[in-house]
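Printed here is model_23.txt (compact mmCIF, C-alpha atoms):
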# COMPACT_ATOMS: atom_id res chain seq x y z
CA MET A 1271 -15.34 -52.52 -13.97
CA LEU A 1272 -16.88 -49.30 -15.12
CA PRO A 1273 -20.56 -49.28 -16.03
CA GLU A 1274 -21.30 -49.06 -19.74
CA PHE A 1275 -21.43 -45.68 -21.40
CA LYS A 1276 -20.83 -44.18 -24.80
CA LEU A 1277 -17.59 -42.20 -25.09
CA VAL A 1278 -17.48 -39.36 -27.60
CA LEU A 1279 -14.40 -37.30 -28.40
CA PRO A 1280 -15.39 -34.19 -30.36
CA TYR A 1281 -12.76 -31.95 -31.97
CA HIS A 1282 -14.85 -28.77 -31.91
CA LEU A 1283 -16.65 -26.95 -29.15
CA ASP A 1284 -19.91 -26.72 -31.14
CA GLU A 1285 -19.82 -30.47 -31.73
CA ALA A 1286 -19.29 -31.01 -27.99
CA LEU A 1287 -22.20 -28.70 -27.18
CA GLY A 1288 -24.36 -30.68 -29.60
CA TRP A 1289 -23.83 -33.82 -27.50
CA LEU A 1290 -24.99 -32.00 -24.37
CA ASN A 1291 -28.37 -31.32 -25.89
CA GLY A 1292 -30.87 -33.22 -23.79
CA GLY A 1293 -28.85 -33.23 -20.59
CA ARG A 1294 -28.07 -36.97 -20.31
CA ALA A 1295 -24.42 -36.52 -21.15
CA LEU A 1296 -21.61 -35.69 -18.75
CA ILE A 1297 -18.56 -33.60 -19.57
CA ALA A 1298 -15.20 -35.25 -18.92
CA ALA A 1299 -11.85 -33.44 -18.84
CA GLY A 1300 -9.49 -35.10 -16.34
CA ALA A 1301 -12.48 -37.28 -15.40
CA THR A 1302 -10.85 -38.44 -12.15
CA ARG A 1303 -13.93 -37.72 -10.05
CA LEU A 1304 -16.34 -38.80 -12.76
CA LEU A 1305 -14.69 -42.22 -13.22
CA LEU A 1306 -14.40 -42.71 -9.46
CA MET A 1307 -18.12 -42.02 -9.06
CA ALA A 1308 -18.87 -44.34 -12.00
CA TYR A 1309 -16.79 -47.14 -10.42
CA MET A 1310 -18.84 -46.76 -7.25
CA HIS A 1311 -22.06 -46.73 -9.30
CA LEU A 1312 -22.92 -43.33 -7.87
CA LEU A 1313 -22.99 -41.90 -11.39
CA LYS A 1314 -24.28 -43.70 -14.43
CA PRO A 1315 -23.43 -41.56 -17.44
CA GLU A 1316 -25.14 -42.52 -20.70
CA ILE A 1317 -22.77 -40.47 -22.77
CA MET A 1318 -19.40 -39.21 -21.67
CA VAL A 1319 -18.32 -36.19 -23.69
CA SER A 1320 -14.55 -36.01 -23.46
CA ILE A 1321 -13.34 -32.47 -24.06
CA THR A 1322 -9.68 -33.55 -24.19
CA ARG A 1323 -9.47 -32.94 -27.96
CA LEU A 1324 -10.85 -29.41 -27.82
CA GLY A 1325 -7.51 -27.81 -26.98
CA LEU A 1326 -8.41 -25.54 -24.02
CA ARG A 1327 -4.93 -26.09 -22.56
CA GLU A 1328 -3.87 -22.48 -22.13
CA LEU A 1329 -2.73 -20.95 -18.91
CA LYS A 1330 -2.73 -17.16 -19.29
CA VAL A 1331 -0.90 -15.12 -16.69
CA GLY A 1332 -1.54 -11.37 -16.72
CA ASP A 1333 -3.55 -8.98 -14.54
CA GLU A 1334 -5.62 -12.02 -13.96
CA LEU A 1335 -4.92 -15.71 -14.18
CA GLU A 1336 -7.01 -17.54 -16.74
CA VAL A 1337 -7.02 -21.32 -16.61
CA GLU A 1338 -8.61 -23.23 -19.49
CA ALA A 1339 -10.62 -26.39 -18.94
CA ASN A 1340 -7.95 -28.98 -19.80
CA VAL A 1341 -5.12 -27.48 -17.68
CA THR A 1342 -4.08 -30.09 -15.11
CA LEU A 1343 -3.45 -29.32 -11.47
CA SER A 1344 0.17 -30.47 -11.92
CA ARG A 1345 0.72 -27.67 -14.43
CA ILE A 1346 -0.66 -25.15 -11.93
CA VAL A 1347 1.56 -26.48 -9.14
CA LYS A 1348 4.71 -26.40 -11.27
CA ASP A 1349 4.22 -23.23 -13.32
CA PRO A 1350 6.76 -20.64 -12.08
CA ARG A 1351 4.54 -17.69 -13.10
CA VAL A 1352 1.54 -19.02 -11.18
CA ARG A 1353 3.75 -19.84 -8.18
CA SER A 1354 5.21 -16.35 -7.99
CA GLN A 1355 2.23 -14.22 -9.10
CA PHE A 1356 -0.79 -16.27 -7.94
CA PRO A 1357 0.68 -18.28 -5.06
CA LEU A 1358 -2.65 -19.03 -3.33
CA VAL A 1359 -3.78 -20.83 -6.49
CA ALA A 1360 -0.54 -22.85 -6.76
CA VAL A 1361 -0.46 -23.73 -3.06
CA SER A 1362 -4.12 -24.76 -3.00
CA ALA A 1363 -3.55 -26.95 -6.07
CA SER A 1364 -0.62 -28.70 -4.37
CA HIS A 1365 -3.05 -29.95 -1.69
CA VAL A 1366 -5.39 -31.74 -4.09
CA ALA A 1367 -5.17 -35.57 -4.07
CA ASP A 1368 -1.62 -36.72 -4.95
CA PRO A 1369 0.98 -35.87 -7.63
CA VAL A 1370 -0.17 -38.65 -10.00
CA VAL A 1371 -3.87 -37.80 -9.84
CA ARG A 1372 -2.89 -34.15 -10.37
CA ASN A 1373 -1.29 -35.16 -13.69
CA LYS A 1374 -4.83 -35.84 -14.92
CA ALA A 1375 -7.26 -33.91 -12.72
CA THR A 1376 -7.92 -30.35 -13.86
CA LEU A 1377 -8.21 -27.13 -11.87
CA VAL A 1378 -11.49 -26.28 -13.59
CA GLY A 1379 -12.91 -29.70 -12.70
CA ASN A 1380 -12.02 -29.28 -9.03
CA ILE A 1381 -14.12 -26.11 -8.98
CA VAL A 1382 -17.04 -26.79 -11.36
CA ASN A 1383 -17.80 -30.18 -9.79
CA ALA A 1384 -18.91 -28.14 -6.77
CA VAL A 1385 -18.14 -30.91 -4.31
CA PRO A 1386 -18.55 -29.42 -0.83
CA TYR A 1387 -14.91 -30.23 0.07
CA SER A 1388 -13.30 -28.63 -3.00
CA THR A 1389 -9.76 -27.44 -2.34
CA MET A 1390 -9.62 -24.78 -5.07
CA VAL A 1391 -12.94 -23.04 -4.40
CA PRO A 1392 -11.77 -20.82 -1.49
CA ALA A 1393 -9.12 -19.24 -3.77
CA PHE A 1394 -11.68 -18.89 -6.59
CA LEU A 1395 -14.06 -17.00 -4.27
CA LEU A 1396 -11.49 -14.79 -2.53
CA MET A 1397 -9.76 -13.84 -5.78
CA GLU A 1398 -13.02 -12.62 -7.37
CA GLY A 1399 -13.09 -15.46 -9.88
CA ARG A 1400 -15.25 -15.69 -12.97
CA ALA A 1401 -16.38 -18.69 -14.97
CA LYS A 1402 -16.35 -18.33 -18.75
CA VAL A 1403 -19.10 -20.51 -20.11
CA ARG A 1404 -20.17 -21.54 -23.62
CA GLY A 1405 -23.65 -22.76 -24.42
CA PRO A 1406 -26.01 -22.95 -27.38
CA ALA A 1407 -26.85 -19.26 -26.89
CA GLY A 1408 -23.19 -18.22 -27.04
CA PRO A 1409 -20.66 -17.24 -24.39
CA ARG A 1410 -21.47 -15.81 -20.96
CA GLU A 1411 -19.66 -15.19 -17.69
CA ILE A 1412 -20.68 -16.12 -14.17
CA LEU A 1413 -19.12 -14.51 -11.10
CA ALA A 1414 -17.67 -16.90 -8.52
CA LYS A 1415 -20.02 -15.55 -5.87
CA ASP A 1416 -23.04 -16.49 -8.03
CA PHE A 1417 -21.62 -19.78 -9.29
CA PHE A 1418 -22.42 -22.19 -6.46
CA VAL A 1419 -26.08 -23.06 -5.99
CA ASN A 1420 -26.01 -26.19 -3.83
CA ALA A 1421 -23.77 -29.21 -3.21
CA LEU A 1422 -22.81 -30.53 -6.69
CA GLU A 1423 -25.00 -27.86 -8.27
CA THR A 1424 -23.85 -24.68 -10.00
CA ALA A 1425 -25.20 -21.92 -12.22
CA GLN A 1426 -23.72 -23.79 -15.21
CA ARG A 1427 -26.63 -25.26 -17.22
CA PRO A 1428 -26.53 -28.90 -18.39
CA ASP A 1429 -26.06 -27.78 -22.01
CA GLU A 1430 -23.10 -25.51 -21.21
CA ILE A 1431 -19.35 -26.05 -20.94
CA VAL A 1432 -17.08 -24.02 -18.66
CA THR A 1433 -14.21 -23.19 -20.99
CA SER A 1434 -12.04 -21.37 -18.44
CA LEU A 1435 -11.91 -19.84 -14.97
CA THR A 1436 -10.20 -16.61 -13.97
CA PHE A 1437 -8.59 -15.40 -10.74
CA LYS A 1438 -7.94 -11.71 -10.11
CA ARG A 1439 -4.49 -10.50 -9.11
CA MET A 1440 -4.82 -8.96 -5.65
CA GLU A 1441 -2.73 -7.04 -3.14
CA GLY A 1442 -2.28 -8.22 0.42
CA LYS A 1443 -1.34 -11.36 2.33
CA TRP A 1444 -2.97 -14.77 2.03
CA ALA A 1445 -2.88 -18.11 3.79
CA PHE A 1446 -4.46 -21.49 3.12
CA THR A 1447 -4.94 -24.65 5.12
CA GLU A 1448 -6.98 -27.80 4.97
CA PHE A 1449 -8.00 -30.48 7.43
CA LYS A 1450 -7.99 -34.08 6.31
CA SER A 1451 -8.97 -36.81 8.74
CA ASN A 1452 -8.55 -40.37 7.51
CA SER A 1453 -9.02 -39.83 3.82
CA HIS A 1454 -7.56 -38.15 0.74
CA LEU A 1455 -10.58 -35.89 0.76
CA PRO A 1456 -10.45 -32.85 3.00
CA VAL A 1457 -13.09 -32.23 5.68
CA ILE A 1458 -12.56 -28.47 5.61
CA ASN A 1459 -10.53 -25.99 3.56
CA VAL A 1460 -9.92 -22.44 4.68
CA ALA A 1461 -8.26 -19.55 2.87
CA VAL A 1462 -7.89 -16.04 4.27
CA TRP A 1463 -6.92 -12.81 2.58
CA ARG A 1464 -5.67 -9.77 4.48
CA PHE A 1465 -5.92 -6.68 2.30
CA ASN A 1466 -3.39 -3.85 2.64
CA SER A 1467 -6.09 -1.80 4.41
CA GLY A 1468 -6.08 -4.41 7.20
CA ARG A 1469 -9.47 -5.84 6.27
CA VAL A 1470 -9.69 -9.62 6.31
CA LYS A 1471 -11.90 -12.04 4.37
CA ALA A 1472 -12.10 -15.80 4.89
CA ALA A 1473 -13.47 -18.44 2.54
CA TYR A 1474 -14.53 -21.99 3.41
CA THR A 1475 -15.44 -25.24 1.76
CA GLY A 1476 -16.57 -28.28 3.72
CA LEU A 1477 -18.53 -26.20 6.18
CA THR A 1478 -21.89 -25.91 4.43
CA PRO A 1479 -23.14 -27.45 1.14
CA VAL A 1480 -22.46 -24.13 -0.62
CA PRO A 1481 -19.04 -22.54 -0.03
CA ASN A 1482 -18.91 -19.38 2.10
CA VAL A 1483 -17.01 -16.13 2.25
CA ILE A 1484 -17.16 -14.02 5.39
CA ASP A 1485 -15.89 -10.49 5.92
CA LEU A 1486 -14.09 -10.26 9.25
CA GLY A 1487 -13.31 -6.55 9.01
CA LYS A 1488 -10.17 -5.37 10.79
CA ILE A 1489 -9.97 -8.26 13.21
CA LYS A 1490 -7.29 -8.47 15.91
CA PRO A 1491 -4.97 -11.38 15.18
CA ASP A 1492 -4.72 -12.50 18.82
CA PHE A 1493 -5.63 -16.22 18.68
CA ARG A 1494 -8.16 -16.35 21.53
CA ASN A 1495 -9.88 -13.21 20.38
CA SER A 1496 -10.06 -14.17 16.74
CA TYR A 1497 -11.22 -17.73 17.53
CA ARG A 1498 -14.21 -16.25 19.41
CA GLU A 1499 -14.96 -13.62 16.78
CA VAL A 1500 -14.79 -16.08 13.89
CA LYS A 1501 -16.98 -18.55 15.76
CA ASN A 1502 -19.53 -15.80 16.36
CA ALA A 1503 -19.41 -14.76 12.71
CA LEU A 1504 -19.97 -18.38 11.64
CA GLN A 1505 -22.93 -18.85 14.01
CA ASP A 1506 -25.21 -17.36 11.36
CA LEU A 1507 -24.47 -20.42 9.22
CA SER A 1508 -24.86 -22.96 11.99
CA GLY A 1509 -28.24 -24.26 10.78
CA GLN A 1510 -26.70 -25.18 7.41
CA VAL A 1511 -23.40 -26.71 8.56
CA ILE A 1512 -22.81 -30.22 7.17
CA ASP A 1513 -23.34 -32.95 9.75
CA ASP A 1514 -22.30 -36.38 8.49
CA LEU A 1515 -20.26 -39.49 9.28
CA ARG A 1516 -17.00 -37.71 8.59
CA SER A 1517 -17.58 -34.82 11.02
CA SER A 1518 -20.38 -33.47 13.13
CA SER A 1519 -21.54 -29.93 12.47
CA GLU A 1520 -20.26 -28.81 15.88
CA TYR A 1521 -16.81 -30.18 15.06
CA ARG A 1522 -16.79 -28.51 11.64
CA LEU A 1523 -17.60 -25.14 13.19
CA HIS A 1524 -14.85 -25.60 15.77
CA LEU A 1525 -12.35 -26.64 13.07
CA ALA A 1526 -13.25 -23.69 10.86
CA SER A 1527 -12.78 -21.27 13.77
CA VAL A 1528 -9.47 -22.74 14.97
CA LEU A 1529 -8.00 -22.94 11.47
CA THR A 1530 -9.08 -19.37 10.65
CA ALA A 1531 -7.58 -18.07 13.90
CA ARG A 1532 -4.27 -19.77 13.03
CA LEU A 1533 -4.28 -18.34 9.51
CA LEU A 1534 -5.03 -14.87 10.88
CA GLU A 1535 -1.87 -15.09 12.98
CA GLU A 1536 0.02 -16.12 9.86
CA VAL A 1537 -1.19 -13.22 7.67
CA SER A 1538 -0.69 -10.66 10.45
CA ARG A 1539 3.00 -11.34 10.95
CA MET B 1046 -14.04 -47.83 -30.83
CA LYS B 1047 -10.73 -47.94 -32.72
CA VAL B 1048 -7.64 -46.53 -31.09
CA SER B 1049 -3.94 -46.65 -31.88
CA PHE B 1050 -1.01 -45.74 -29.66
CA ARG B 1051 2.50 -46.90 -28.79
CA VAL B 1052 3.20 -49.27 -25.90
CA ASN B 1053 6.79 -49.85 -24.90
CA GLY B 1054 7.94 -48.79 -28.36
CA ASN B 1055 5.45 -50.94 -30.29
CA GLN B 1056 2.63 -49.43 -32.29
CA VAL B 1057 -0.70 -51.07 -31.44
CA GLU B 1058 -4.07 -50.67 -33.09
CA LEU B 1059 -7.03 -52.01 -31.16
CA GLU B 1060 -10.79 -52.13 -31.11
CA VAL B 1061 -11.72 -51.31 -27.48
CA GLU B 1062 -14.89 -50.80 -25.47
CA ASP B 1063 -15.93 -47.21 -24.72
CA ASN B 1064 -15.77 -47.87 -20.96
CA GLU B 1065 -12.46 -49.75 -21.12
CA THR B 1066 -9.60 -48.47 -19.00
CA LEU B 1067 -5.95 -48.48 -20.00
CA LEU B 1068 -5.32 -50.88 -17.11
CA GLU B 1069 -7.76 -53.39 -18.62
CA THR B 1070 -6.35 -52.96 -22.12
CA LEU B 1071 -2.76 -53.48 -20.97
CA ARG B 1072 -3.44 -56.52 -18.83
CA GLU B 1073 -6.22 -58.26 -20.72
CA ARG B 1074 -5.56 -57.44 -24.37
CA LEU B 1075 -1.81 -56.89 -24.43
CA ASP B 1076 -0.70 -59.27 -21.66
CA ILE B 1077 1.34 -56.53 -19.97
CA THR B 1078 0.95 -57.38 -16.30
CA SER B 1079 3.31 -55.09 -14.37
CA PRO B 1080 0.49 -52.56 -13.77
CA LYS B 1081 -1.70 -54.08 -11.03
CA GLY B 1082 -5.37 -53.49 -10.38
CA ALA B 1083 -5.86 -53.28 -6.62
CA CYS B 1084 -8.26 -50.54 -5.57
CA THR B 1085 -9.32 -49.49 -9.10
CA GLN B 1086 -10.47 -46.20 -7.61
CA GLY B 1087 -7.43 -44.05 -8.28
CA VAL B 1088 -6.11 -44.34 -4.74
CA CYS B 1089 -3.48 -47.10 -4.43
CA GLY B 1090 -1.48 -46.14 -7.51
CA LEU B 1091 -0.38 -49.72 -8.28
CA CYS B 1092 -1.65 -49.43 -11.86
CA THR B 1093 0.69 -46.49 -12.56
CA VAL B 1094 2.15 -46.30 -16.07
CA LEU B 1095 3.87 -43.49 -17.94
CA VAL B 1096 1.68 -41.78 -20.55
CA ASN B 1097 3.66 -39.34 -22.67
CA GLY B 1098 6.34 -39.42 -19.98
CA GLU B 1099 4.07 -38.62 -17.04
CA PRO B 1100 2.89 -41.05 -14.38
CA GLN B 1101 -0.83 -41.77 -14.68
CA LYS B 1102 -3.08 -44.15 -12.78
CA SER B 1103 -4.17 -46.40 -15.64
CA CYS B 1104 -7.46 -47.30 -13.91
CA LEU B 1105 -8.44 -43.64 -14.36
CA VAL B 1106 -7.47 -43.46 -18.03
CA LEU B 1107 -9.98 -44.44 -20.71
CA THR B 1108 -8.16 -46.24 -23.52
CA GLY B 1109 -10.36 -44.47 -26.07
CA GLU B 1110 -8.86 -41.15 -24.98
CA ILE B 1111 -5.20 -41.93 -25.59
CA GLN B 1112 -5.02 -41.95 -29.38
CA ASP B 1113 -1.38 -41.45 -30.49
CA ALA B 1114 -0.06 -41.43 -26.93
CA MET B 1115 3.19 -43.08 -25.86
CA VAL B 1116 2.70 -45.55 -23.03
CA LEU B 1117 5.57 -47.02 -21.05
CA THR B 1118 5.36 -49.78 -18.47
CA LEU B 1119 8.10 -51.48 -16.50
CA GLU B 1120 8.36 -54.11 -19.27
CA GLY B 1121 9.56 -51.40 -21.67
CA LEU B 1122 12.03 -49.69 -19.39
CA GLN B 1123 15.20 -51.72 -19.28
CA ASP B 1124 17.81 -49.02 -19.71
CA GLU B 1125 20.84 -48.24 -17.55
CA LYS B 1126 18.93 -45.84 -15.30
CA MET B 1127 16.24 -48.41 -14.53
CA LYS B 1128 18.96 -50.98 -13.80
CA VAL B 1129 20.48 -48.65 -11.20
CA ILE B 1130 17.05 -48.05 -9.64
CA GLN B 1131 16.28 -51.77 -9.48
CA GLU B 1132 19.66 -52.53 -7.90
CA SER B 1133 19.06 -49.83 -5.28
CA PHE B 1134 15.65 -51.32 -4.41
CA VAL B 1135 17.19 -54.80 -4.07
CA LYS B 1136 20.08 -53.56 -1.94
CA ASN B 1137 17.90 -51.50 0.41
CA ASN B 1138 15.01 -53.99 0.70
CA GLY B 1139 12.75 -51.46 -1.02
CA PHE B 1140 10.06 -54.12 -1.30
CA GLN B 1141 8.74 -57.15 0.51
CA CYS B 1142 5.81 -58.79 -1.28
CA GLY B 1143 6.64 -56.92 -4.50
CA PHE B 1144 3.10 -56.05 -5.51
CA CYS B 1145 3.71 -52.28 -5.49
CA THR B 1146 7.27 -52.53 -6.85
CA PRO B 1147 6.56 -51.90 -10.56
CA ALA B 1148 4.69 -48.72 -9.62
CA PHE B 1149 7.45 -47.48 -7.31
CA LEU B 1150 10.15 -48.26 -9.90
CA LEU B 1151 8.25 -46.30 -12.55
CA ARG B 1152 7.64 -43.36 -10.25
CA THR B 1153 11.29 -43.31 -9.20
CA TYR B 1154 12.31 -43.44 -12.86
CA SER B 1155 10.02 -40.57 -13.72
CA LEU B 1156 11.14 -38.56 -10.70
CA LEU B 1157 14.85 -38.99 -11.39
CA SER B 1158 14.38 -38.21 -15.08
CA LYS B 1159 13.41 -34.65 -14.24
CA GLU B 1160 15.72 -33.76 -11.42
CA SER B 1161 18.21 -35.54 -9.21
CA ASN B 1162 18.29 -33.44 -6.09
CA PHE B 1163 15.63 -34.22 -3.53
CA THR B 1164 15.59 -34.25 0.25
CA ARG B 1165 14.01 -37.25 1.99
CA GLU B 1166 10.98 -35.11 2.73
CA GLU B 1167 10.65 -34.14 -0.94
CA ILE B 1168 10.99 -37.77 -2.04
CA ARG B 1169 8.15 -38.74 0.30
CA GLU B 1170 6.01 -35.89 -1.01
CA GLU B 1171 6.79 -36.72 -4.67
CA LEU B 1172 5.97 -40.42 -4.19
CA ARG B 1173 2.61 -39.76 -2.56
CA GLY B 1174 -0.23 -41.54 -4.31
CA THR B 1175 1.40 -44.96 -4.44
CA LEU B 1176 0.72 -47.24 -1.51
CA CYS B 1177 2.95 -49.94 -0.01
CA ARG B 1178 1.51 -52.05 2.77
CA CYS B 1179 4.78 -53.87 3.67
CA THR B 1180 7.78 -51.60 3.99
CA GLY B 1181 6.51 -48.59 5.90
CA TYR B 1182 8.18 -46.56 3.09
CA LYS B 1183 11.51 -46.01 4.87
CA ALA B 1184 13.23 -48.66 2.78
CA ILE B 1185 11.65 -47.25 -0.38
CA VAL B 1186 12.91 -43.73 0.38
CA ASP B 1187 16.35 -45.22 1.15
CA SER B 1188 16.28 -46.96 -2.24
CA VAL B 1189 15.33 -43.78 -4.09
CA GLU B 1190 18.03 -41.82 -2.27
CA GLU B 1191 20.70 -44.31 -3.22
CA ALA B 1192 19.55 -44.48 -6.84
CA MET B 1193 19.56 -40.67 -6.91
CA SER B 1194 23.14 -40.39 -5.70
CA ARG B 1195 24.33 -43.14 -8.07
CA ILE B 1196 22.63 -41.49 -11.06
CA LYS B 1197 24.14 -38.12 -10.12
CA SER B 1198 27.68 -39.50 -10.04
As structure tokens, please, write out the structure in this file.
Amino acid sequence: MLPEFKLVLPYHLDEALGWLNGGRALIAAGATRLLLMAYMHLLKPEIMVSITRLGLRELKVGDELEVEANVTLSRIVKDPRVRSQFPLVAVSASHVADPVVRNKATLVGNIVNAVPYSTMVPAFLLMEGRAKVRGPAGPREILAKDFFVNALETAQRPDEIVTSLTFKRMEGKWAFTEFKSNSHLPVINVAVWRFNSGRVKAAYTGLTPVPNVIDLGKIKPDFRNSYREVKNALQDLSGQVIDDLRSSSEYRLHLASVLTARLLEEVSR
Amino acid sequence: MKVSFRVNGNQVELEVEDNETLLETLRERLDITSPKGACTQGVCGLCTVLVNGEPQKSCLVLTGEIQDAMVLTLEGLQDEKMKVIQESFVKNNGFQCGFCTPAFLLRTYSLLSKESNFTREEIREELRGTLCRCTGYKAIVDSVEEAMSRIKS
């Protein structure tokens, strides 16, 4: 049984924003994480503001990809334009949960929840994403690199709604992988981007409470070499690496380095 | 709150709790018992129903949110295609205890409504998110494969 809460289903964005006034309400789109947390009594929403009647179902494919708040992950996985023009986004989405949950869970939710193991965040960071936000003071934009403040905490204020996220079209080669142990939830996600100049960037979730991007420069793709170099580059973070029941911090650092070294081989072929 | 939608072709209008899930509404108010509540955390997939043609885990759907939707459960799917799928599951021992069977039948139905050309690997990938603790899945994939080839021909 779910705990008791009031469910409101506004038809207009301003009406939805009105419910957020005071900060005791939670925004629900796909609501898969929210309901799961409510079942476990880890979240006790007083008011659940469903944004499912606000429209926000557009998926715009141009020089950038813009994904509105109610677009499900299934739509991202299946959309031929996203698959061909923004493949890192489509491939990352195909790793979230399972095909049925993806029929409800949204791409925006996977990112704005800011869970430390988010699958979509590495793509959002590498592809110079932006969050389009609406609040009582009007619209504003937040860059992906400024968006994540702490685990489960972002630059989005409690009285604001993220209406869409964007991903920039970029040149170069990309690769993505995740590591799941005994659960649907990944321990670590890694995405790398190799620009045409040869420069490489890597992005991680699951390593530290806030996701990371590191610039690896023009790294040699040789596995042994890149494993060592990545591990050195990640040493700066070592004090912040998550250490919990699912994985020790030492293991997470090792995983991140191995997976990055493998992806570097992949993008250097 | 008041909500109206269609279930298995019948229009229903109900007064439901704000925190009520579609799984609870179907089983407890409408006496539709093919969707099962097992984990009620969105993992096992045994509460799967079709909402507007797409599989959804009904323990993760709030009834208040589905105004005007079209909900289908196994009880409402007795057409020729479902008959073929059921026969394939019987022939290939695609179940043992039967608890997950309604969910697998629905997912197979939904899968084969879109396309009818999947490799075994693709079938396994497409059916992820529904758990069976008896068969080890081989017999289920066999059943889907046979239903697929019968529907094609």
I'd like the contact shell of Arg1072 (chain B) - 12 Å cut-off, all atoms listed in the file, skipping same-chain residues fewer than 4 positions apart - returned as a PyMOL selection string. chain B and resi 1065-1068+1076-1082+1092+1094+1103-1104+1118
10 Å contact set for Arg1439 (chain A), only C-alpha atoms, chain neighbours under 4 positions out, as a PyMOL selection string: chain A and resi 1331-1335+1355-1356+1397-1399
Got a sec: who's within 10 Å of region 1301-1309 of chain A, counting only C-alpha atoms, leaving out chain neighbours fewer than 2 positions off, as a PDB file with C-alpha atoms, in the frame of the given file?
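out.pdb, freshly written:
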ATOM      1  CA  MET A1271     -15.340 -52.520 -13.970  1.00  0.00           C
ATOM      2  CA  LEU A1272     -16.880 -49.300 -15.120  1.00  0.00           C
ATOM      3  CA  PRO A1273     -20.560 -49.280 -16.030  1.00  0.00           C
ATOM      4  CA  GLU A1274     -21.300 -49.060 -19.740  1.00  0.00           C
ATOM      5  CA  PHE A1275     -21.430 -45.680 -21.400  1.00  0.00           C
ATOM      6  CA  LEU A1296     -21.610 -35.690 -18.750  1.00  0.00           C
ATOM      7  CA  ILE A1297     -18.560 -33.600 -19.570  1.00  0.00           C
ATOM      8  CA  ALA A1298     -15.200 -35.250 -18.920  1.00  0.00           C
ATOM      9  CA  ALA A1299     -11.850 -33.440 -18.840  1.00  0.00           C
ATOM     10  CA  HIS A1311     -22.060 -46.730  -9.300  1.00  0.00           C
ATOM     11  CA  LEU A1312     -22.920 -43.330  -7.870  1.00  0.00           C
ATOM     12  CA  LEU A1313     -22.990 -41.900 -11.390  1.00  0.00           C
ATOM     13  CA  LYS A1314     -24.280 -43.700 -14.430  1.00  0.00           C
ATOM     14  CA  PRO A1315     -23.430 -41.560 -17.440  1.00  0.00           C
ATOM     15  CA  MET A1318     -19.400 -39.210 -21.670  1.00  0.00           C
ATOM     16  CA  SER A1320     -14.550 -36.010 -23.460  1.00  0.00           C
ATOM     17  CA  ILE A1321     -13.340 -32.470 -24.060  1.00  0.00           C
ATOM     18  CA  THR A1322      -9.680 -33.550 -24.190  1.00  0.00           C
ATOM     19  CA  VAL A1371      -3.870 -37.800  -9.840  1.00  0.00           C
ATOM     20  CA  ARG A1372      -2.890 -34.150 -10.370  1.00  0.00           C
ATOM     21  CA  LYS A1374      -4.830 -35.840 -14.920  1.00  0.00           C
ATOM     22  CA  ALA A1375      -7.260 -33.910 -12.720  1.00  0.00           C
ATOM     23  CA  THR A1376      -7.920 -30.350 -13.860  1.00  0.00           C
ATOM     24  CA  GLY A1379     -12.910 -29.700 -12.700  1.00  0.00           C
ATOM     25  CA  ASN A1380     -12.020 -29.280  -9.030  1.00  0.00           C
ATOM     26  CA  ASN A1383     -17.800 -30.180  -9.790  1.00  0.00           C
ATOM     27  CA  VAL A1385     -18.140 -30.910  -4.310  1.00  0.00           C
TER      28      VAL A1385
ATOM     29  CA  ASN B1064     -15.770 -47.870 -20.960  1.00  0.00           C
ATOM     30  CA  THR B1066      -9.600 -48.470 -19.000  1.00  0.00           C
ATOM     31  CA  THR B1085      -9.320 -49.490  -9.100  1.00  0.00           C
ATOM     32  CA  GLN B1086     -10.470 -46.200  -7.610  1.00  0.00           C
ATOM     33  CA  GLY B1087      -7.430 -44.050  -8.280  1.00  0.00           C
ATOM     34  CA  VAL B1088      -6.110 -44.340  -4.740  1.00  0.00           C
ATOM     35  CA  LYS B1102      -3.080 -44.150 -12.780  1.00  0.00           C
ATOM     36  CA  CYS B1104      -7.460 -47.300 -13.910  1.00  0.00           C
ATOM     37  CA  LEU B1105      -8.440 -43.640 -14.360  1.00  0.00           C
ATOM     38  CA  VAL B1106      -7.470 -43.460 -18.030  1.00  0.00           C
ATOM     39  CA  LEU B1107      -9.980 -44.440 -20.710  1.00  0.00           C
TER      40      LEU B1107
END
Which residues, written as number ranges by chain, have at least one atom at most 12 Å from Glu1132 (chain B), with all atoms listed in the file counted and residues fewer than 6 positions away on the same chain left out? B: 1125-1126, 1138-1140, 1150, 1188-1189, 1191-1193, 1195-1196
One decimal, in Å: what's the spacing between CA of Lys1443 (chain A) and CA of Asn1482 (chain A)?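 Separation between CA of Lys1443 (chain A) and CA of Asn1482 (chain A): 19.3 Å.
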For region 1141-1147 of chain B, list every protein, DNA or RNA residue within 12 Å, evaluated using only C-alpha atoms, and leave out those in the same chain fewer than 3 positions away; present the list as an MDAnalysis selection string. chainID B and resid 1077:1083 1089:1095 1117:1122 1127 1130:1131 1134:1135 1137:1138 1150:1154 1174:1182 1184:1185 1188
Looking at all atoms listed in the file, which of A:Pro1479, A:Gly1408, A:Pro1491, A:Gly1300 is the one that sits closest to chain B?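 With all atoms listed in the file as the atom set, the closest residue is A:Gly1300.
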So the first atom is CA of Val1186 (chain B) and the second is CA of Leu1157 (chain B); what is the distance between them in Å, to one decimal place? 12.8 Å
Please indicate the distance in Å from CA of Lys1488 (chain A) to CA of Ala1461 (chain A), rounded to one decimal place. 16.4 Å
Of the candidates A:Val1347, A:Ala1384, A:Leu1279, A:Ala1414, which shows the shortest atom-to-atom distance to chain B, using only C-alpha atoms?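 Nearest to chain B: A:Leu1279.
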